[in-house]
file entry.cif (mmCIF, C-alpha atoms)
data_coords
loop_
_atom_site.label_atom_id
_atom_site.label_comp_id
_atom_site.auth_asym_id
_atom_site.auth_seq_id
_atom_site.Cartn_x
_atom_site.Cartn_y
_atom_site.Cartn_z
CA MET C 1 45.21 -3.15 69.98
CA VAL C 2 47.34 -3.95 66.93
CA SER C 3 51.08 -4.14 67.59
CA ALA C 4 53.66 -2.25 65.54
CA SER C 5 54.82 -5.54 64.02
CA GLY C 6 51.19 -6.36 63.12
CA ASN C 7 50.93 -3.02 61.34
CA ASP C 8 54.16 -3.74 59.50
CA LEU C 9 52.84 -7.13 58.40
CA ALA C 10 49.59 -5.56 57.14
CA ALA C 11 51.56 -2.91 55.28
CA ARG C 12 53.75 -5.56 53.66
CA LEU C 13 50.76 -7.66 52.60
CA MET C 14 48.89 -4.66 51.30
CA GLY C 15 51.97 -3.40 49.53
CA ASP C 16 52.05 -6.54 47.42
CA MET C 17 50.74 -4.96 44.24
CA ASP C 18 52.07 -3.77 40.89
CA PRO C 19 54.38 -0.83 41.82
CA ARG C 20 52.93 1.34 39.04
CA LEU C 21 49.40 0.81 40.33
CA LEU C 22 50.53 1.38 43.91
CA GLU C 23 52.12 4.65 42.86
CA PHE C 24 48.96 5.55 40.89
CA LEU C 25 46.83 4.90 43.97
CA LYS C 26 49.05 6.77 46.39
CA THR C 27 49.68 9.83 44.27
CA LYS C 28 46.68 10.16 41.94
CA VAL C 29 43.62 8.22 43.07
CA ASN C 30 44.09 8.92 46.75
CA SER C 31 40.41 9.33 47.70
CA PHE C 32 37.21 7.40 47.16
CA VAL C 33 35.67 10.29 45.21
CA LYS C 34 38.67 10.31 42.85
CA TRP C 35 38.32 6.55 42.44
CA ASP C 36 34.67 7.06 41.46
CA LEU C 37 35.60 9.82 39.03
CA VAL C 38 38.36 7.79 37.38
CA ARG C 39 35.93 4.90 36.91
CA PHE C 40 33.26 7.25 35.55
CA PHE C 41 35.58 8.84 32.97
CA HIS C 42 36.96 5.43 32.01
CA GLU C 43 33.48 4.00 31.40
CA ASN C 44 32.35 7.14 29.58
CA PRO C 45 35.62 8.15 27.94
CA HIS C 46 34.36 10.98 25.73
CA THR C 47 32.67 12.95 28.48
CA THR C 48 33.41 16.66 28.57
CA ASP C 49 31.59 18.76 31.10
CA THR C 50 31.68 21.29 33.92
CA ALA C 51 32.38 20.31 37.53
CA GLU C 52 28.74 20.98 38.37
CA ASN C 53 27.46 18.62 35.69
CA VAL C 54 30.06 15.94 36.45
CA ALA C 55 28.86 16.14 40.07
CA ARG C 56 25.31 15.57 38.83
CA TYR C 57 26.39 12.53 36.81
CA ALA C 58 28.28 11.17 39.81
CA GLY C 59 25.49 12.02 42.24
CA ARG C 60 27.89 13.89 44.52
CA ASP C 61 28.35 17.33 46.06
CA PRO C 62 29.54 19.86 43.42
CA ALA C 63 32.06 21.57 45.72
CA THR C 64 33.73 18.25 46.58
CA ILE C 65 33.77 17.18 42.94
CA ALA C 66 35.25 20.51 41.82
CA ALA C 67 38.21 20.12 44.20
CA GLU C 68 38.81 16.48 43.24
CA LEU C 69 38.59 17.24 39.51
CA GLU C 70 41.22 19.93 39.98
CA GLU C 71 43.58 17.50 41.73
CA LEU C 72 43.06 14.83 39.06
CA THR C 73 43.88 17.48 36.47
CA GLU C 74 47.05 18.55 38.31
CA ASN C 75 48.08 14.88 38.37
CA GLY C 76 47.53 14.36 34.65
CA VAL C 77 44.56 11.97 34.93
CA LEU C 78 42.13 14.52 33.49
CA GLU C 79 42.46 17.55 31.25
CA ARG C 80 40.89 20.93 31.81
CA ARG C 81 40.05 23.50 29.14
CA GLN C 82 37.89 26.51 28.52
CA VAL C 83 34.84 26.22 26.26
CA GLY C 84 33.48 29.74 25.93
CA ASN C 85 33.28 30.92 29.52
CA LEU C 86 32.90 27.39 30.90
CA THR C 87 35.67 25.32 32.49
CA VAL C 88 35.26 21.70 31.42
CA TYR C 89 37.02 18.44 32.28
CA SER C 90 37.68 15.35 30.22
CA LEU C 91 39.87 12.25 30.37
CA ALA C 92 43.55 12.83 29.62
CA THR C 93 44.42 12.11 26.01
CA ASP C 94 47.93 10.90 26.95
CA GLU C 95 48.16 7.24 25.83
CA GLU C 96 50.35 6.17 28.76
CA MET C 97 47.91 7.63 31.26
CA ARG C 98 44.95 5.97 29.52
CA LYS C 99 46.76 2.60 29.65
CA LEU C 100 47.47 3.07 33.35
CA ILE C 101 43.82 3.91 34.03
CA GLU C 102 42.71 0.89 32.03
CA GLN C 103 45.11 -1.29 34.01
CA PHE C 104 43.81 0.13 37.29
CA ILE C 105 40.14 -0.43 36.37
CA LEU C 106 40.86 -3.99 35.23
CA ALA C 107 42.76 -4.68 38.46
CA CYS C 108 39.77 -3.37 40.44
CA GLU C 109 37.74 -6.31 39.17
CA ASP C 110 39.75 -8.45 41.59
CA ARG C 111 38.41 -8.34 45.17
CA GLN C 112 41.88 -8.71 46.73
CA PHE C 113 43.13 -5.75 44.75
CA ARG C 114 40.13 -3.67 45.84
CA VAL C 115 40.78 -4.51 49.49
CA LYS C 116 44.39 -3.41 49.13
CA ALA C 117 43.36 -0.26 47.28
CA ILE C 118 40.89 0.66 50.02
CA TYR C 119 43.59 0.07 52.63
CA HIS C 120 45.99 2.45 50.88
CA ILE C 121 43.37 5.13 50.41
CA ILE C 122 42.34 5.01 54.06
CA ARG C 123 46.00 5.10 55.15
CA GLY C 124 46.61 8.07 52.90
CA MET C 125 43.62 9.91 54.36
CA ARG C 126 44.93 9.69 57.97
CA MET M 1 17.77 14.66 -4.69
CA GLU M 2 20.37 13.25 -2.28
CA ARG M 3 18.95 11.57 0.80
CA MET M 4 20.45 10.39 4.08
CA LYS M 5 18.85 6.99 4.44
CA THR M 6 17.90 5.89 7.92
CA GLY M 7 18.21 2.28 6.78
CA ILE M 8 14.84 1.61 8.42
CA ALA M 9 12.96 0.31 5.39
CA GLY M 10 9.44 1.49 6.13
CA LEU M 11 10.63 4.84 7.43
CA ASP M 12 12.74 5.63 4.38
CA THR M 13 9.69 4.91 2.24
CA MET M 14 7.65 7.35 4.32
CA LEU M 15 10.43 9.94 3.97
CA ARG M 16 10.59 9.34 0.18
CA GLY M 17 14.10 8.01 0.48
CA GLY M 18 15.42 9.40 3.76
CA PHE M 19 16.22 12.70 5.46
CA LEU M 20 17.54 15.57 3.42
CA PRO M 21 21.28 16.21 3.97
CA GLN M 22 22.35 18.78 6.58
CA THR M 23 18.95 18.94 8.19
CA ALA M 24 17.67 18.72 11.75
CA ASN M 25 15.13 15.97 12.24
CA LEU M 26 13.10 15.80 15.41
CA VAL M 27 11.85 12.49 16.78
CA GLU M 28 9.40 13.03 19.59
CA GLY M 29 7.71 10.52 21.81
CA ALA M 30 6.90 9.33 25.30
CA PRO M 31 9.46 7.37 27.33
CA GLY M 32 10.07 3.94 25.83
CA THR M 33 8.50 4.65 22.44
CA GLY M 34 11.84 4.09 20.71
CA LYS M 35 13.28 7.56 20.06
CA SER M 36 16.82 6.65 21.06
CA VAL M 37 16.62 3.30 19.26
CA LEU M 38 15.57 5.07 16.07
CA GLY M 39 18.45 7.52 16.52
CA MET M 40 20.99 4.77 17.24
CA GLN M 41 19.77 2.84 14.20
CA PHE M 42 20.18 5.94 12.03
CA ILE M 43 23.76 6.28 13.26
CA HIS M 44 24.60 2.57 13.06
CA ASN M 45 23.15 2.09 9.58
CA GLY M 46 24.90 5.24 8.39
CA ILE M 47 28.27 3.88 9.48
CA VAL M 48 27.82 0.26 8.45
CA HIS M 49 25.71 0.52 5.29
CA TYR M 50 26.43 3.97 3.88
CA ASP M 51 30.00 4.67 5.09
CA GLU M 52 28.90 7.80 6.91
CA PRO M 53 30.62 8.06 10.31
CA GLY M 54 28.50 9.34 13.16
CA ILE M 55 28.45 11.03 16.53
CA ILE M 56 26.09 10.42 19.42
CA LEU M 57 25.81 13.37 21.76
CA THR M 58 24.08 12.42 24.99
CA PHE M 59 23.02 14.82 27.71
CA GLU M 60 21.84 12.29 30.25
CA THR M 61 22.14 8.62 29.31
CA PHE M 62 25.66 7.41 30.06
CA PRO M 63 27.66 6.20 27.04
CA ARG M 64 28.16 2.82 28.72
CA GLN M 65 24.38 2.39 28.49
CA TYR M 66 24.47 3.03 24.74
CA TYR M 67 27.22 0.41 24.36
CA ARG M 68 25.06 -2.09 26.24
CA ASP M 69 21.72 -1.20 24.60
CA ALA M 70 23.25 -1.22 21.11
CA LEU M 71 24.68 -4.68 21.67
CA ASN M 72 21.14 -5.93 22.33
CA PHE M 73 20.42 -5.10 18.68
CA GLY M 74 23.69 -6.60 17.50
CA TRP M 75 25.39 -3.22 17.03
CA ASP M 76 28.91 -3.13 18.47
CA PHE M 77 29.38 0.56 19.23
CA ARG M 78 32.65 -0.02 21.14
CA GLN M 79 34.15 -1.64 18.04
CA LEU M 80 32.91 1.20 15.82
CA GLU M 81 34.56 3.66 18.22
CA ARG M 82 37.82 1.71 18.03
CA GLU M 83 37.57 1.93 14.23
CA ASN M 84 37.14 5.71 14.59
CA ARG M 85 33.78 5.65 12.80
CA LEU M 86 31.68 6.49 15.85
CA ARG M 87 32.12 8.71 18.86
CA ILE M 88 29.73 8.80 21.81
CA LEU M 89 30.12 12.14 23.56
CA MET M 90 28.61 12.94 26.91
CA SER M 91 28.15 16.56 27.79
CA SER M 92 25.53 19.14 28.66
CA PRO M 93 23.55 21.46 26.39
CA GLU M 94 25.44 24.54 27.60
CA VAL M 95 28.87 23.00 26.97
CA SER M 96 27.85 21.52 23.61
CA LYS M 97 26.42 24.81 22.43
CA ALA M 98 29.53 26.73 23.54
CA ASP M 99 31.70 24.05 21.88
CA LEU M 100 29.90 24.49 18.56
CA GLU M 101 30.19 28.27 18.77
CA GLN M 102 33.98 28.29 19.12
CA LEU M 103 36.51 27.50 16.42
CA GLY M 104 38.11 24.08 16.69
CA GLY M 105 35.58 22.64 19.11
CA THR M 106 35.15 18.90 19.68
CA ILE M 107 32.33 18.43 17.15
CA GLU M 108 34.16 20.42 14.48
CA ARG M 109 37.32 18.36 15.13
CA LEU M 110 35.39 15.08 14.88
CA VAL M 111 33.84 16.14 11.60
CA GLU M 112 37.35 16.78 10.25
CA GLU M 113 39.09 13.77 11.79
CA MET M 114 36.40 11.10 11.41
CA GLY M 115 34.53 12.57 8.48
CA ALA M 116 31.36 12.46 10.61
CA ARG M 117 28.21 13.11 8.60
CA ARG M 118 25.50 12.14 11.07
CA ILE M 119 24.72 13.05 14.64
CA LEU M 120 22.18 11.89 17.20
CA VAL M 121 21.41 14.45 19.90
CA ASP M 122 19.69 12.72 22.80
CA SER M 123 17.79 14.68 23.90
CA LEU M 124 16.81 18.19 22.97
CA SER M 125 14.54 18.30 26.03
CA HIS M 126 17.57 19.09 28.18
CA PHE M 127 17.85 22.54 26.62
CA GLU M 128 14.67 23.33 28.51
CA ARG M 129 16.59 23.53 31.78
CA LEU M 130 18.67 26.42 30.42
CA THR M 131 15.76 28.84 30.32
CA ASP M 132 12.09 29.20 31.20
CA ASP M 133 11.56 31.69 28.39
CA PRO M 134 10.12 29.95 25.29
CA VAL M 135 11.48 32.63 22.96
CA GLU M 136 14.99 32.28 24.35
CA LEU M 137 14.69 28.49 24.22
CA ARG M 138 13.74 28.61 20.57
CA SER M 139 16.70 30.89 19.89
CA LEU M 140 19.12 28.59 21.78
CA ILE M 141 17.94 25.52 19.89
CA TYR M 142 17.91 27.36 16.56
CA SER M 143 21.52 28.44 17.08
CA PHE M 144 22.57 24.93 18.15
CA ILE M 145 20.90 23.35 15.11
CA ASN M 146 22.52 25.86 12.77
CA GLY M 147 25.91 24.99 14.28
CA LEU M 148 25.33 21.31 13.46
CA LYS M 149 24.24 22.14 9.91
CA ARG M 150 27.28 24.40 9.43
CA GLU M 151 29.46 21.38 10.19
CA GLY M 152 27.65 19.47 7.44
CA LEU M 153 25.90 17.12 9.84
CA THR M 154 22.49 15.56 9.37
CA ALA M 155 20.97 15.39 12.81
CA VAL M 156 18.37 13.29 14.54
CA LEU M 157 17.24 15.12 17.64
CA THR M 158 15.10 13.30 20.17
CA ARG M 159 12.59 15.02 22.39
CA GLU M 160 10.59 13.62 25.26
CA SER M 161 6.85 13.98 25.25
CA PRO M 162 5.01 13.84 28.56
CA ALA M 163 1.94 12.42 26.80
CA ILE M 164 1.91 8.66 27.17
CA LEU M 165 -1.23 7.95 25.18
CA GLY M 166 -1.81 11.06 23.14
CA GLU M 167 -3.32 13.35 25.77
CA GLY M 168 -2.13 16.94 25.37
CA LEU M 169 -0.81 16.09 21.94
CA PHE M 170 0.68 19.48 21.18
CA ALA M 171 1.84 22.01 23.72
CA ASP M 172 2.88 25.58 22.87
CA GLU M 173 6.57 24.70 23.10
CA ASP M 174 6.02 21.90 20.53
CA GLU M 175 5.06 24.52 17.97
CA ASN M 176 8.17 26.54 18.81
CA ILE M 177 10.46 23.57 18.24
CA ALA M 178 8.53 22.35 15.18
CA PHE M 179 9.34 25.59 13.37
CA VAL M 180 13.11 25.30 13.79
CA VAL M 181 13.48 21.69 12.67
CA ASP M 182 13.28 20.37 9.12
CA SER M 183 11.34 17.24 9.85
CA TYR M 184 9.14 16.14 12.70
CA ILE M 185 8.42 12.51 13.48
CA LEU M 186 5.96 11.56 16.20
CA LEU M 187 6.12 8.24 18.02
CA ARG M 188 3.07 7.32 20.06
CA TYR M 189 1.69 4.52 22.16
CA VAL M 190 -1.72 3.36 20.97
CA GLU M 191 -4.16 1.35 23.03
CA MET M 192 -5.93 -1.19 20.85
CA ASP M 193 -7.81 -4.35 21.81
CA SER M 194 -6.30 -4.25 25.33
CA THR M 195 -2.79 -4.07 23.90
CA VAL M 196 -0.40 -1.15 23.74
CA ARG M 197 1.11 -0.75 20.29
CA ARG M 198 3.37 1.83 18.78
CA ALA M 199 2.50 4.30 16.03
CA LEU M 200 4.70 6.54 13.87
CA LEU M 201 3.75 9.62 11.90
CA VAL M 202 5.88 11.91 9.76
CA LEU M 203 4.26 15.21 10.60
CA LYS M 204 6.56 17.42 8.59
CA LEU M 205 9.38 17.12 6.06
CA ARG M 206 10.54 20.50 4.87
CA GLY M 207 11.38 20.65 1.18
CA SER M 208 9.93 17.28 0.29
CA ASP M 209 6.78 15.25 -0.01
CA HIS M 210 6.29 12.57 2.63
CA ALA M 211 3.80 9.89 3.58
CA LYS M 212 0.87 11.19 5.58
CA GLU M 213 -0.41 7.91 6.93
CA ILE M 214 0.11 6.68 10.46
CA ARG M 215 2.12 3.47 10.49
CA ARG M 216 2.49 0.87 13.20
CA PHE M 217 6.02 -0.06 14.21
CA GLU M 218 7.76 -2.51 16.50
CA ILE M 219 11.09 -2.64 18.25
CA THR M 220 12.52 -6.01 17.30
CA SER M 221 15.82 -7.71 18.12
CA SER M 222 17.33 -5.96 15.11
CA GLY M 223 15.90 -2.50 15.77
CA ILE M 224 12.85 -0.62 14.61
CA GLU M 225 10.63 -2.12 11.92
CA VAL M 226 8.00 0.15 10.42
CA MET M 227 4.99 -1.81 9.26
CA ASP M 228 1.64 -1.13 7.63
CA THR M 229 -1.06 1.37 8.56
CA PHE M 230 -3.75 0.93 11.21
CA LYS M 231 -6.52 -0.20 8.88
CA GLY M 232 -10.12 0.52 9.80
CA ARG M 233 -9.20 2.74 12.74
CA GLU M 234 -9.13 6.42 13.35
CA GLY M 235 -8.00 8.66 16.18
CA ILE M 236 -4.70 6.78 16.33
CA MET M 237 -2.61 9.70 17.59
CA SER M 238 -5.11 10.35 20.37
CA GLY M 239 -3.80 7.10 21.83
CA SER M 240 -7.26 5.50 21.90
CA PRO M 241 -8.26 4.73 18.32
CA ARG M 242 -11.81 3.81 17.38
CA ARG M 243 -13.01 1.49 14.68
CA MET M 244 -14.23 3.45 11.67
CA PRO M 245 -17.95 2.57 12.04
CA GLU M 246 -17.89 3.74 15.67
CA ALA M 247 -16.21 6.97 14.61
CA PHE M 248 -18.78 7.38 11.83
CA ILE M 249 -21.68 6.94 14.25
CA GLU M 250 -20.12 9.35 16.72
CA ALA M 251 -19.49 11.97 14.06
CA PHE M 252 -22.74 11.78 12.12
CA ILE M 253 -25.40 10.32 14.41
CA ARG M 254 -24.59 11.06 18.05
CA HIS M 255 -23.22 14.52 17.27
CA PRO M 256 -24.98 15.67 14.14
#
call {"tool": "encode", "arguments": {"input": "entry.cif", "output": "structure tokens"}}
result
Amino acid sequence: MVSASGNDLAARLMGDMDPRLLEFLKTKVNSFVKWDLVRFFHENPHTTDTAENVARYAGRDPATIAAELEELTENGVLERRQVGNLTVYSLATDEEMRKLIEQFILACEDRQFRVKAIYHIIRGMR
Amino acid sequence: MERMKTGIAGLDTMLRGGFLPQTANLVEGAPGTGKSVLGMQFIHNGIVHYDEPGIILTFETFPRQYYRDALNFGWDFRQLERENRLRILMSSPEVSKADLEQLGGTIERLVEEMGARRILVDSLSHFERLTDDPVELRSLIYSFINGLKREGLTAVLTRESPAILGEGLFADEDENIAFVVDSYILLRYVEMDSTVRRALLVLKLRGSDHAKEIRRFEITSSGIEVMDTFKGREGIMSGSPRRMPEAFIEAFIRHP
């Protein structure tokens, strides 16, 4: 059993990250599916497609992807628009948001950062 | 007559200078024959040698794969995107078609903003999942192609062929597609002396003369190089060519 002080210590250690990225993780990329989607749109920045097709690209369940895409849109990471009668999603065009995403993806190359990010996502899911 | 050069020396010779502007040009072949490489080379050469910005529209291959594959040929697609001379779009046939049909869609905007003049659509085969009806499919593709032409784009459209070595050379749907495009280039594997080689044929070039011979080609470290013809052989596009004397004997002696 982990003591309350042990939990506090873990939280302090895991909290040792760039505050902007911590905020980004806690409020925008707060699930593993969203993390996958952010990475996908970052690597393929001019992708525009329906939730169903994005799910196909990501190899995930369309219903799950649809909900996560909506939340990423609400949080300004993605943009949603109508093309004919289709609802499509693409990466936000806002420069600040793109820089933040770039910063997040670069930070993810570091194992320590990834461990901390996983910790925060799991904590947020409880 | 103005031509849109591919920049692939042997191919431009076969096309009598290149593709005609604002046309749809189909490149068909089995997996690995070099359809996408030919398309990427058309786009890259257009940007770098002829100052004609380009778009790559992919329905399946992720853009990051194009960045990587292009680098293998020494083409820095990421840099060209940063310079706003290239855009690699990933979407689906249904979204792309709807986008072209509406005013101010992504492709229309890119033509205005970048001055895009070329597009690679990779691949047309994905339209086939929109309908099982060949008449409807032809209509969908026809409308899509006309949208590209309306925007002033010269398009290379790839299409997968299930035939690896020439078997089932033309299916009914091939005819359907062949009618709506302006040129039709076939890429084929050819088995010769226990080696698989590649062959290229310009089957059709609407509004222009073109070379009728079948040329060998290779994918080198700098892209596609179209070489000379398969001398002394026939039946190249069947995938299993025969030497001319054997073909002569078969035609005139064994089967009089």
call {"tool": "atom_distance", "arguments": {"input": "entry.cif", "atom1": "atom CA of Ile145 of chain M", "atom2": "atom CA of Val121 of chain M"}}
result
10.1 Å
call {"tool": "atom_distance", "arguments": {"input": "entry.cif", "atom1": "atom CA of Val38 of chain C", "atom2": "atom CA of Asn72 of chain M"}}
result
26.7 Å
call {"tool": "residues_around", "arguments": {"input": "entry.cif", "residues": "Met97 of chain C", "least_positions_apart": "3", "cutoff": "12 Å", "atoms": "all atoms listed in the file", "output": "PyMOL selection string"}}
result
chain C and resi 20-21+24+28+38+42+72-73+75-79+91-94+100-104
call {"tool": "interface_residues", "arguments": {"input": "entry.cif", "of": "chain C", "to": "chain M", "cutoff": "9 Å", "atoms": "all atoms listed in the file", "output": "short mmCIF file (atom, residue, chain, number, x, y, z; two decimals) with C-alpha atoms, keeping the file's coordinate frame"}}
result
data_model
loop_
_atom_site.label_atom_id
_atom_site.label_comp_id
_atom_site.auth_asym_id
_atom_site.auth_seq_id
_atom_site.Cartn_x
_atom_site.Cartn_y
_atom_site.Cartn_z
CA GLU C 43 33.48 4.00 31.40
CA ASN C 44 32.35 7.14 29.58
CA PRO C 45 35.62 8.15 27.94
CA HIS C 46 34.36 10.98 25.73
CA THR C 47 32.67 12.95 28.48
CA THR C 48 33.41 16.66 28.57
CA ASP C 49 31.59 18.76 31.10
CA THR C 50 31.68 21.29 33.92
CA ASN C 53 27.46 18.62 35.69
CA VAL C 54 30.06 15.94 36.45
CA TYR C 57 26.39 12.53 36.81
CA VAL C 83 34.84 26.22 26.26
CA GLY C 84 33.48 29.74 25.93
CA ASN C 85 33.28 30.92 29.52
CA LEU C 86 32.90 27.39 30.90
CA VAL C 88 35.26 21.70 31.42
#
call {"tool": "closest_residue", "arguments": {"input": "entry.cif", "among": "M:Ile56, M:Ile119, M:Met227, M:Met4", "to": "Leu200 of chain M", "atoms": "only C-alpha atoms"}}
result
M:Met227
call {"tool": "closest_residue", "arguments": {"input": "entry.cif", "among": "M:Asp122, M:Asp69, M:Asp209, M:Asp228", "to": "Thr158 of chain M", "atoms": "all atoms listed in the file"}}
result
M:Asp122
call {"tool": "residues_around", "arguments": {"input": "entry.cif", "residues": "Thr33 of chain M", "least_positions_apart": "2", "cutoff": "12 Å", "atoms": "only C-alpha atoms", "output": "PDB file with C-alpha atoms, in the frame of the given file"}}
result
ATOM      1  CA  VAL M  27      11.850  12.490  16.780  1.00  0.00           C
ATOM      2  CA  GLU M  28       9.400  13.030  19.590  1.00  0.00           C
ATOM      3  CA  GLY M  29       7.710  10.520  21.810  1.00  0.00           C
ATOM      4  CA  ALA M  30       6.900   9.330  25.300  1.00  0.00           C
ATOM      5  CA  PRO M  31       9.460   7.370  27.330  1.00  0.00           C
ATOM      6  CA  LYS M  35      13.280   7.560  20.060  1.00  0.00           C
ATOM      7  CA  SER M  36      16.820   6.650  21.060  1.00  0.00           C
ATOM      8  CA  VAL M  37      16.620   3.300  19.260  1.00  0.00           C
ATOM      9  CA  LEU M  38      15.570   5.070  16.070  1.00  0.00           C
ATOM     10  CA  GLY M  39      18.450   7.520  16.520  1.00  0.00           C
ATOM     11  CA  THR M 158      15.100  13.300  20.170  1.00  0.00           C
ATOM     12  CA  ARG M 159      12.590  15.020  22.390  1.00  0.00           C
ATOM     13  CA  GLU M 160      10.590  13.620  25.260  1.00  0.00           C
ATOM     14  CA  SER M 161       6.850  13.980  25.250  1.00  0.00           C
ATOM     15  CA  PRO M 162       5.010  13.840  28.560  1.00  0.00           C
ATOM     16  CA  ALA M 163       1.940  12.420  26.800  1.00  0.00           C
ATOM     17  CA  ILE M 164       1.910   8.660  27.170  1.00  0.00           C
ATOM     18  CA  LEU M 165      -1.230   7.950  25.180  1.00  0.00           C
ATOM     19  CA  ILE M 185       8.420  12.510  13.480  1.00  0.00           C
ATOM     20  CA  LEU M 186       5.960  11.560  16.200  1.00  0.00           C
ATOM     21  CA  LEU M 187       6.120   8.240  18.020  1.00  0.00           C
ATOM     22  CA  ARG M 188       3.070   7.320  20.060  1.00  0.00           C
ATOM     23  CA  TYR M 189       1.690   4.520  22.160  1.00  0.00           C
ATOM     24  CA  VAL M 190      -1.720   3.360  20.970  1.00  0.00           C
ATOM     25  CA  VAL M 196      -0.400  -1.150  23.740  1.00  0.00           C
ATOM     26  CA  ARG M 197       1.110  -0.750  20.290  1.00  0.00           C
ATOM     27  CA  ARG M 198       3.370   1.830  18.780  1.00  0.00           C
ATOM     28  CA  ALA M 199       2.500   4.300  16.030  1.00  0.00           C
ATOM     29  CA  LEU M 200       4.700   6.540  13.870  1.00  0.00           C
ATOM     30  CA  ARG M 216       2.490   0.870  13.200  1.00  0.00           C
ATOM     31  CA  PHE M 217       6.020  -0.060  14.210  1.00  0.00           C
ATOM     32  CA  GLU M 218       7.760  -2.510  16.500  1.00  0.00           C
ATOM     33  CA  ILE M 219      11.090  -2.640  18.250  1.00  0.00           C
ATOM     34  CA  ILE M 224      12.850  -0.620  14.610  1.00  0.00           C
TER      35      ILE M 224
END
call {"tool": "atom_distance", "arguments": {"input": "entry.cif", "atom1": "atom CA of Lys204 of chain M", "atom2": "atom CA of Gly34 of chain M"}}
result
18.8 Å
call {"tool": "residues_near_point", "arguments": {"input": "entry.cif", "point": "(28.5, 7.5, 37.0)", "cutoff": "8 Å", "atoms": "only C-alpha atoms", "output": "mmCIF file with C-alpha atoms, keeping the file's coordinate frame"}}
result
data_model
loop_
_atom_site.group_PDB
_atom_site.id
_atom_site.type_symbol
_atom_site.label_atom_id
_atom_site.label_comp_id
_atom_site.auth_asym_id
_atom_site.auth_seq_id
_atom_site.Cartn_x
_atom_site.Cartn_y
_atom_site.Cartn_z
ATOM 1 C CA ASP C 36 34.670 7.060 41.460
ATOM 2 C CA LEU C 37 35.600 9.820 39.030
ATOM 3 C CA ARG C 39 35.930 4.900 36.910
ATOM 4 C CA PHE C 40 33.260 7.250 35.550
ATOM 5 C CA TYR C 57 26.390 12.530 36.810
ATOM 6 C CA ALA C 58 28.280 11.170 39.810
ATOM 7 C CA GLY C 59 25.490 12.020 42.240
ATOM 8 C CA PHE M 62 25.660 7.410 30.060
#
call {"tool": "resolve_selection", "arguments": {"input": "entry.cif", "expression": "the PyMOL selection byres ((chain M and resi 74) around 12)", "output": "ChimeraX atom specification"}}
result
/M:40-41,44-45,67-73,75-79,220-223
call {"tool": "residues_around", "arguments": {"input": "entry.cif", "residues": "Arg138 of chain M", "least_positions_apart": "2", "cutoff": "9 Å", "atoms": "all atoms listed in the file", "output": "PyMOL selection string"}}
result
chain M and resi 133-136+140-143+173+176-177+179-180
call {"tool": "decode", "arguments": {"input": "entry.cif", "residues": "segment 115-126 of chain M", "atoms": "N, CA and C atoms", "output": "mmCIF file, in the first residue's frame"}}
result
data_model
loop_
_atom_site.group_PDB
_atom_site.id
_atom_site.type_symbol
_atom_site.label_atom_id
_atom_site.label_comp_id
_atom_site.auth_asym_id
_atom_site.auth_seq_id
_atom_site.Cartn_x
_atom_site.Cartn_y
_atom_site.Cartn_z
ATOM 1 N N GLY M 115 -0.696 28.732 -56.149
ATOM 2 C CA GLY M 115 -0.558 28.717 -57.605
ATOM 3 C C GLY M 115 -0.318 27.296 -58.100
ATOM 4 N N ALA M 116 -0.928 26.319 -57.412
ATOM 5 C CA ALA M 116 -0.716 24.906 -57.783
ATOM 6 C C ALA M 116 -1.165 24.651 -59.214
ATOM 7 N N ARG M 117 -0.338 23.909 -59.951
ATOM 8 C CA ARG M 117 -0.673 23.597 -61.344
ATOM 9 C C ARG M 117 -0.707 22.099 -61.593
ATOM 10 N N ARG M 118 -0.176 21.342 -60.633
ATOM 11 C CA ARG M 118 -0.109 19.891 -60.806
ATOM 12 C C ARG M 118 -0.711 19.206 -59.582
ATOM 13 N N ILE M 119 -1.241 18.025 -59.821
ATOM 14 C CA ILE M 119 -1.746 17.237 -58.685
ATOM 15 C C ILE M 119 -1.497 15.749 -58.950
ATOM 16 N N LEU M 120 -1.109 15.063 -57.895
ATOM 17 C CA LEU M 120 -1.023 13.600 -57.935
ATOM 18 C C LEU M 120 -2.155 13.077 -57.068
ATOM 19 N N VAL M 121 -2.996 12.240 -57.629
ATOM 20 C CA VAL M 121 -4.071 11.598 -56.860
ATOM 21 C C VAL M 121 -3.706 10.122 -56.720
ATOM 22 N N ASP M 122 -3.491 9.694 -55.486
ATOM 23 C CA ASP M 122 -2.935 8.365 -55.233
ATOM 24 C C ASP M 122 -3.804 7.638 -54.201
ATOM 25 N N SER M 123 -4.720 6.761 -54.575
ATOM 26 C CA SER M 123 -4.950 6.350 -55.928
ATOM 27 C C SER M 123 -6.438 6.359 -56.237
ATOM 28 N N LEU M 124 -6.711 6.359 -57.522
ATOM 29 C CA LEU M 124 -8.089 6.380 -58.015
ATOM 30 C C LEU M 124 -8.848 5.108 -57.617
ATOM 31 N N SER M 125 -8.107 4.057 -57.354
ATOM 32 C CA SER M 125 -8.723 2.769 -57.000
ATOM 33 C C SER M 125 -9.660 2.899 -55.804
ATOM 34 N N HIS M 126 -9.385 3.882 -54.929
ATOM 35 C CA HIS M 126 -10.198 4.011 -53.717
ATOM 36 C C HIS M 126 -11.613 4.496 -53.995
#
